[in-house]
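Undergrad: Pasting model.pdb here (PDB, C-alpha atoms and all ligand atoms):
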ATOM      1  CA  MET A  13     -25.918 172.362  24.930
ATOM      2  CA  SER A  14     -23.285 175.018  25.384
ATOM      3  CA  SER A  15     -20.303 175.261  23.094
ATOM      4  CA  THR A  16     -17.892 174.328  25.850
ATOM      5  CA  ARG A  17     -16.643 170.790  26.154
ATOM      6  CA  PRO A  18     -18.744 168.485  28.318
ATOM      7  CA  GLN A  19     -17.429 168.439  31.856
ATOM      8  CA  ARG A  20     -18.525 164.921  32.554
ATOM      9  CA  LEU A  21     -15.945 162.306  31.754
ATOM     10  CA  LEU A  22     -15.928 158.858  30.236
ATOM     11  CA  LEU A  23     -13.098 156.474  31.122
ATOM     12  CA  ALA A  24     -12.729 153.274  29.110
ATOM     13  CA  SER A  25     -10.581 150.277  29.920
ATOM     14  CA  ILE A  26      -9.725 146.890  28.447
ATOM     15  CA  HIS A  27      -9.041 144.275  31.124
ATOM     16  CA  ASP A  28      -6.761 141.244  31.024
ATOM     17  CA  VAL A  29      -4.422 142.401  28.284
ATOM     18  CA  SER A  30      -2.191 139.368  27.779
ATOM     19  CA  PRO A  31      -0.720 137.388  24.884
ATOM     20  CA  ARG A  32      -3.386 134.790  25.742
ATOM     21  CA  PHE A  33      -6.110 137.192  24.609
ATOM     22  CA  GLU A  34      -4.336 139.028  21.802
ATOM     23  CA  ALA A  35      -7.104 138.417  19.223
ATOM     24  CA  GLU A  36      -9.827 139.445  21.679
ATOM     25  CA  VAL A  37      -7.948 142.584  22.714
ATOM     26  CA  ASP A  38      -7.627 143.549  19.035
ATOM     27  CA  ARG A  39     -11.368 143.217  18.623
ATOM     28  CA  LEU A  40     -12.022 145.299  21.726
ATOM     29  CA  VAL A  41      -9.644 148.049  20.549
ATOM     30  CA  ASP A  42     -11.552 148.168  17.238
ATOM     31  CA  LEU A  43     -14.890 148.155  19.054
ATOM     32  CA  LEU A  44     -13.951 151.097  21.267
ATOM     33  CA  ALA A  45     -12.092 153.149  18.637
ATOM     34  CA  PRO A  46     -15.141 154.925  17.132
ATOM     35  CA  HIS A  47     -16.151 156.081  20.610
ATOM     36  CA  VAL A  48     -12.905 156.932  22.382
ATOM     37  CA  GLY A  49     -10.092 156.550  19.847
ATOM     38  CA  LYS A  50      -6.991 155.644  21.827
ATOM     39  CA  ARG A  51      -8.261 157.328  25.006
ATOM     40  CA  LEU A  52      -8.426 154.107  26.925
ATOM     41  CA  ALA A  53      -6.551 152.177  29.540
ATOM     42  CA  MET A  54      -5.158 148.695  29.096
ATOM     43  CA  LEU A  55      -4.961 146.522  32.201
ATOM     44  CA  VAL A  56      -1.903 144.396  31.584
ATOM     45  CA  VAL A  57      -1.321 140.978  33.175
ATOM     46  CA  PRO A  58       2.425 140.127  33.143
ATOM     47  CA  ASN A  59       1.920 136.338  33.219
ATOM     48  CA  HIS A  60      -1.748 135.351  32.992
ATOM     49  CA  TRP A  61      -2.428 132.170  35.017
ATOM     50  CA  GLY A  62       1.315 131.631  35.159
ATOM     51  CA  ASP A  63       1.562 130.352  31.601
ATOM     52  CA  ALA A  64       1.116 133.345  29.292
ATOM     53  CA  PRO A  65       4.173 135.504  30.007
ATOM     54  CA  ILE A  66       4.777 138.825  28.305
ATOM     55  CA  VAL A  67       8.298 138.365  26.981
ATOM     56  CA  PRO A  68      10.420 141.489  26.398
ATOM     57  CA  GLY A  69      11.420 141.626  22.739
ATOM     58  CA  SER A  70       8.438 139.527  21.611
ATOM     59  CA  ALA A  71       5.921 140.628  19.000
ATOM     60  CA  PHE A  72       3.302 141.126  21.705
ATOM     61  CA  ALA A  73       5.662 143.310  23.728
ATOM     62  CA  ALA A  74       6.225 145.457  20.636
ATOM     63  CA  ARG A  75       2.469 145.853  20.245
ATOM     64  CA  LEU A  76       2.094 146.965  23.862
ATOM     65  CA  ARG A  77       4.782 149.580  23.370
ATOM     66  CA  ASP A  78       3.088 150.728  20.210
ATOM     67  CA  TRP A  79      -0.242 151.172  21.983
ATOM     68  CA  ALA A  80       1.482 153.029  24.810
ATOM     69  CA  GLU A  81       3.134 155.362  22.299
ATOM     70  CA  GLN A  82      -0.265 156.026  20.737
ATOM     71  CA  GLY A  83      -1.466 157.341  24.091
ATOM     72  CA  VAL A  84      -3.073 154.254  25.598
ATOM     73  CA  GLU A  85      -2.689 154.318  29.386
ATOM     74  CA  MET A  86      -1.007 151.241  30.775
ATOM     75  CA  PHE A  87      -2.072 149.814  34.126
ATOM     76  CA  LEU A  88      -0.522 146.885  35.908
ATOM     77  CA  HIS A  89      -3.269 144.318  36.540
ATOM     78  CA  GLY A  90      -1.886 141.851  39.067
ATOM     79  CA  PHE A  91       0.837 139.436  38.067
ATOM     80  CA  THR A  92      -0.822 136.107  37.273
ATOM     81  CA  HIS A  93      -4.407 137.288  37.912
ATOM     82  CA  ARG A  94      -5.164 134.030  39.719
ATOM     83  CA  ASP A  95      -5.821 133.675  43.416
ATOM     84  CA  ASP A  96      -3.502 130.855  44.394
ATOM     85  CA  ALA A  97      -1.662 132.556  47.240
ATOM     86  CA  ARG A  98      -3.681 131.052  50.044
ATOM     87  CA  TYR A  99      -3.324 127.533  48.769
ATOM     88  CA  SER A 100       0.361 127.426  47.965
ATOM     89  CA  GLY A 101       1.675 127.208  51.515
ATOM     90  CA  ALA A 102       0.846 123.620  52.428
ATOM     91  CA  GLY A 103       1.681 122.097  49.094
ATOM     92  CA  ASP A 104      -1.965 122.406  48.217
ATOM     93  CA  ARG A 105      -1.438 123.364  44.610
ATOM     94  CA  LEU A 106      -3.554 120.420  43.592
ATOM     95  CA  LYS A 107      -6.414 121.748  45.659
ATOM     96  CA  ALA A 108      -5.941 125.205  44.172
ATOM     97  CA  GLY A 109      -6.229 123.584  40.781
ATOM     98  CA  PHE A 110      -9.795 122.588  41.608
ATOM     99  CA  MET A 111     -10.645 126.103  42.733
ATOM    100  CA  THR A 112      -9.583 128.107  39.708
ATOM    101  CA  ALA A 113     -12.742 130.190  39.768
ATOM    102  CA  GLY A 114     -10.852 132.524  42.119
ATOM    103  CA  GLU A 115      -9.365 135.370  40.077
ATOM    104  CA  GLY A 116      -8.693 137.698  42.985
ATOM    105  CA  GLU A 117      -4.915 137.359  43.001
ATOM    106  CA  PHE A 118      -4.341 140.301  45.365
ATOM    107  CA  LEU A 119      -7.043 139.453  47.880
ATOM    108  CA  GLY A 120      -5.092 137.081  50.099
ATOM    109  CA  LEU A 121      -1.529 138.335  49.648
ATOM    110  CA  SER A 122       0.637 139.530  52.517
ATOM    111  CA  GLN A 123       2.064 143.005  52.180
ATOM    112  CA  SER A 124       5.520 141.690  51.305
ATOM    113  CA  GLU A 125       4.187 139.306  48.669
ATOM    114  CA  ALA A 126       1.971 142.034  47.193
ATOM    115  CA  GLU A 127       4.973 144.396  47.139
ATOM    116  CA  ALA A 128       7.120 141.790  45.405
ATOM    117  CA  ARG A 129       4.524 141.072  42.716
ATOM    118  CA  ILE A 130       3.845 144.760  42.104
ATOM    119  CA  ALA A 131       7.584 145.463  41.796
ATOM    120  CA  ARG A 132       8.188 142.545  39.455
ATOM    121  CA  GLY A 133       5.179 143.278  37.272
ATOM    122  CA  ARG A 134       5.926 146.959  37.151
ATOM    123  CA  ASP A 135       9.552 146.390  36.121
ATOM    124  CA  LEU A 136       8.446 144.101  33.335
ATOM    125  CA  VAL A 137       5.705 146.350  31.950
ATOM    126  CA  GLU A 138       7.813 149.503  32.223
ATOM    127  CA  ASP A 139      10.687 147.769  30.465
ATOM    128  CA  VAL A 140       8.330 146.759  27.660
ATOM    129  CA  ILE A 141       6.537 150.118  27.193
ATOM    130  CA  GLY A 142       9.569 152.303  27.892
ATOM    131  CA  ARG A 143       7.857 154.568  30.409
ATOM    132  CA  PRO A 144       6.244 154.447  33.866
ATOM    133  CA  ILE A 145       2.931 152.665  34.290
ATOM    134  CA  ASP A 146      -0.125 154.870  34.809
ATOM    135  CA  GLY A 147      -1.767 152.894  37.583
ATOM    136  CA  PHE A 148      -2.640 149.580  39.176
ATOM    137  CA  VAL A 149      -5.881 147.604  39.222
ATOM    138  CA  ALA A 150      -6.107 144.396  41.249
ATOM    139  CA  PRO A 151      -7.620 141.409  39.423
ATOM    140  CA  ALA A 152     -11.396 141.272  39.935
ATOM    141  CA  TRP A 153     -10.953 144.689  41.690
ATOM    142  CA  LEU A 154     -10.249 142.755  44.902
ATOM    143  CA  TYR A 155      -7.712 144.205  47.352
ATOM    144  CA  GLY A 156      -6.782 142.655  50.659
ATOM    145  CA  PRO A 157      -5.157 144.693  53.441
ATOM    146  CA  GLY A 158      -1.669 143.578  52.329
ATOM    147  CA  ALA A 159      -2.325 144.759  48.793
ATOM    148  CA  ARG A 160      -3.642 148.150  49.942
ATOM    149  CA  GLU A 161      -0.637 148.706  52.187
ATOM    150  CA  ALA A 162       1.817 147.656  49.464
ATOM    151  CA  LEU A 163       0.124 149.957  47.002
ATOM    152  CA  SER A 164       0.232 152.966  49.302
ATOM    153  CA  ARG A 165       4.035 152.598  49.469
ATOM    154  CA  SER A 166       4.514 152.049  45.758
ATOM    155  CA  ALA A 167       4.331 155.599  44.306
ATOM    156  CA  ILE A 168       1.916 154.313  41.660
ATOM    157  CA  PRO A 169      -0.279 157.336  40.840
ATOM    158  CA  LEU A 170      -3.716 155.703  40.493
ATOM    159  CA  ALA A 171      -5.704 152.672  41.550
ATOM    160  CA  GLU A 172      -9.337 151.670  41.151
ATOM    161  CA  ASP A 173     -11.798 149.168  42.488
ATOM    162  CA  HIS A 174     -15.395 148.529  41.487
ATOM    163  CA  MET A 175     -16.687 151.675  43.186
ATOM    164  CA  ARG A 176     -13.909 154.253  43.050
ATOM    165  CA  VAL A 177     -10.626 155.585  41.736
ATOM    166  CA  TRP A 178      -8.088 156.812  44.270
ATOM    167  CA  SER A 179      -4.525 157.983  44.741
ATOM    168  CA  PRO A 180      -2.668 155.258  46.664
ATOM    169  CA  ALA A 181      -0.099 157.756  47.941
ATOM    170  CA  SER A 182      -2.532 160.255  49.490
ATOM    171  CA  GLY A 183      -5.623 158.085  49.791
ATOM    172  CA  ALA A 184      -7.620 160.826  48.042
ATOM    173  CA  GLU A 185     -10.716 159.690  46.175
ATOM    174  CA  LEU A 186     -10.561 160.841  42.555
ATOM    175  CA  ALA A 187     -13.808 159.413  41.191
ATOM    176  CA  TRP A 188     -16.791 157.564  42.571
ATOM    177  CA  GLY A 189     -19.471 155.342  41.048
ATOM    178  CA  PRO A 190     -19.823 151.724  39.953
ATOM    179  CA  VAL A 191     -17.890 150.738  36.850
ATOM    180  CA  ILE A 192     -20.032 149.386  34.018
ATOM    181  CA  THR A 193     -18.823 145.933  33.092
ATOM    182  CA  TRP A 194     -20.210 142.742  31.646
ATOM    183  CA  ALA A 195     -20.072 139.147  32.824
ATOM    184  CA  SER A 196     -20.645 136.107  30.677
ATOM    185  CA  ARG A 197     -19.692 133.080  32.755
ATOM    186  CA  THR A 198     -23.350 132.090  33.173
ATOM    187  CA  ARG A 199     -26.481 133.091  31.296
ATOM    188  CA  MET A 200     -27.906 134.660  34.455
ATOM    189  CA  ARG A 201     -24.808 136.819  34.956
ATOM    190  CA  LEU A 202     -24.866 137.833  31.328
ATOM    191  CA  LEU A 203     -28.503 138.918  31.516
ATOM    192  CA  SER A 204     -28.048 140.844  34.735
ATOM    193  CA  SER A 205     -24.993 142.654  33.356
ATOM    194  CA  LEU A 206     -27.022 143.716  30.297
ATOM    195  CA  ILE A 207     -29.706 145.152  32.602
ATOM    196  CA  ALA A 208     -27.169 146.905  34.814
ATOM    197  CA  ALA A 209     -25.393 148.464  31.816
ATOM    198  CA  ALA A 210     -28.675 149.746  30.362
ATOM    199  CA  ALA A 211     -29.458 151.510  33.645
ATOM    200  CA  LEU A 212     -26.000 152.721  34.605
ATOM    201  CA  ARG A 213     -25.111 154.312  31.264
ATOM    202  CA  HIS A 214     -27.603 157.081  32.090
ATOM    203  CA  ALA A 215     -26.415 157.557  35.673
ATOM    204  CA  PRO A 216     -25.577 161.200  36.467
ATOM    205  CA  LEU A 217     -22.023 160.470  37.591
ATOM    206  CA  ASN A 218     -19.230 162.982  37.061
ATOM    207  CA  VAL A 219     -16.978 160.194  35.869
ATOM    208  CA  LEU A 220     -18.426 157.147  34.145
ATOM    209  CA  ARG A 221     -16.125 154.137  33.883
ATOM    210  CA  ILE A 222     -16.677 151.353  31.367
ATOM    211  CA  GLY A 223     -14.548 148.204  31.526
ATOM    212  CA  VAL A 224     -14.567 145.441  28.913
ATOM    213  CA  HIS A 225     -13.056 141.952  29.073
ATOM    214  CA  PRO A 226     -11.735 139.544  26.418
ATOM    215  CA  PRO A 227     -14.613 137.007  26.734
ATOM    216  CA  ASP A 228     -17.098 139.804  25.967
ATOM    217  CA  VAL A 229     -16.331 139.459  22.254
ATOM    218  CA  ARG A 230     -17.867 135.955  22.150
ATOM    219  CA  HIS A 231     -21.392 137.186  22.888
ATOM    220  CA  PRO A 232     -23.227 139.272  20.250
ATOM    221  CA  ALA A 233     -25.830 140.535  22.764
ATOM    222  CA  LEU A 234     -23.054 141.746  24.948
ATOM    223  CA  LEU A 235     -21.246 143.477  22.076
ATOM    224  CA  ARG A 236     -24.473 145.290  21.213
ATOM    225  CA  SER A 237     -24.838 146.393  24.826
ATOM    226  CA  ILE A 238     -21.246 147.682  24.859
ATOM    227  CA  GLY A 239     -21.887 149.661  21.675
ATOM    228  CA  ARG A 240     -25.107 151.164  23.048
ATOM    229  CA  THR A 241     -23.454 152.017  26.339
ATOM    230  CA  PHE A 242     -20.625 153.928  24.667
ATOM    231  CA  THR A 243     -23.039 155.699  22.309
ATOM    232  CA  ALA A 244     -25.235 156.809  25.219
ATOM    233  CA  ALA A 245     -22.278 157.829  27.352
ATOM    234  CA  ARG A 246     -20.712 159.852  24.545
ATOM    235  CA  ARG A 247     -23.780 162.073  24.180
ATOM    236  CA  HIS A 248     -22.946 164.078  27.292
ATOM    237  CA  ARG A 249     -19.407 163.079  28.110
ATOM    238  CA  ARG A 250     -15.957 163.453  26.723
ATOM    239  CA  PRO A 251     -13.578 160.527  26.606
ATOM    240  CA  ALA A 252     -10.753 161.180  29.033
ATOM    241  CA  ARG A 253      -7.728 159.523  30.536
ATOM    242  CA  TYR A 254      -7.466 158.290  34.089
ATOM    243  CA  GLY A 255      -4.474 160.602  34.430
ATOM    244  CA  ASP A 256      -6.787 163.594  33.840
ATOM    245  CA  LEU A 257      -8.242 162.918  37.291
ATOM    246  CA  LEU A 258      -4.905 163.951  38.799
ATOM    247  CA  SER A 259      -4.749 167.383  37.168
TER
HETATM  248 ZN    ZN B 301      -8.919 141.037  35.159
END
Would you encode the structure as structure tokens?
Ligand SMILES: [Zn+2]
TA:
Amino acid sequence: MSSTRPQRLLLASIHDVSPRFEAEVDRLVDLLAPHVGKRLAMLVVPNHWGDAPIVPGSAFAARLRDWAEQGVEMFLHGFTHRDDARYSGAGDRLKAGFMTAGEGEFLGLSQSEAEARIARGRDLVEDVIGRPIDGFVAPAWLYGPGAREALSRSAIPLAEDHMRVWSPASGAELAWGPVITWASRTRMRLLSSLIAAAALRHAPLNVLRIGVHPPDVRHPALLRSIGRTFTAARRHRRPARYGDLLS
């Protein structure tokens, strides 16, 4: 290898950062630290499922600010994370209650509702961290047309879905390639995510994204796979920030 820094990048993110998952987020920060230090993005949910609000002035808010000051990038990650928009109109909240598997909060939103949630979430997170957010990621990486339109008007510098990172303002694609992530809701999903991670960590992508979630910490096989994936990725990549894609 040459003495210059590797050109290929590694971008790490922790999803679903919320007071609900504080212990899990701590474990994930510790897990990633040997590989990327604080070069990671946190995807922050202002009020997870509508009952885990981030309260300005709270201990959790102070921790978020602390992480931001240590260089962690802060992304807005929906508002409640839960897809209840399409069921709220006809007083069908009860029905929505039976369908909580849907985590794609921004999939069915109108442009005005998406704009309102982005504005509210952004105000809250920026108030807490004391600086502008670095980007937006829709829950489950699912964007409906309303969400995409709202985002393009928002002046938020970066967004990502499962396959790419782009600039909402210009539409320019900044990185391409599937993000490596793990699923644990069923044994079959867990096994297939282990197989996908083992293959994708060697993919010759310019930018490799790895995203971890709070439930990951409950599964030892999954934690081993995360460790191996970062170790393999670090051999030929340098940990970077999403913001580096803009320079
Ligand atoms: Zn999420």
Undergrad: Which residues fall under the PyMOL selection byres (((not hetatm)) within 12 of (chain B and resi 301)) in this file, as a PyMOL selection string?
TA: chain A and resi 25-30+33+54-61+87-95+114-118+148-154+173-174+193-195+223-227
Undergrad: Hey, can you pull every residue with an atom no more than 12 Å from (11.7, 141.8, 34.4), using all atoms listed in the file, and send it as a ChimeraX atom specification?
TA: /A:58-59,65-69,91,128-140
Undergrad: Which of these, A:Gly62, A:Gly49, A:Pro31, A:Pro144, has the shortest distance to Phe242 (chain A) once you count all atoms listed in the file?
TA: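 Selected residue with least distance to Phe242 (chain A): A:Gly49.
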Undergrad: When the PyMOL selection byres (((chain A and resi 244) around 12) and not hetatm) is applied to the structure above, which residues does it catch, written out as a PyMOL selection string?
TA: chain A and resi 22+47+209-215+220+222+237-243+245-250
Undergrad: Around (-14.3, 163.8, 28.7) in the file's own coordinates, what residues are found within 8 Å if you use only C-alpha atoms, given back as number ranges by chain?
TA: A: 17-23, 249-252
Undergrad: What does the distance between CA of Leu170 (chain A) and CA of Val37 (chain A) come to in Å, to one decimal place?
TA: 22.5 Å
Undergrad: If you count all atoms listed in the file, which residues fall within 8 Å of Ala171 (chain A), apart from same-chain ones fewer than 2 positions away, as a PyMOL selection string?
TA: chain A and resi 147-149+168-169+173+177-180
Undergrad: For the atom pair CA of His231 (chain A) and CA of Ile207 (chain A), what is the interatomic distance in Å to one decimal place?
TA: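 Computed distance, CA of His231 (chain A) to CA of Ile207 (chain A), equals 15.1 Å.
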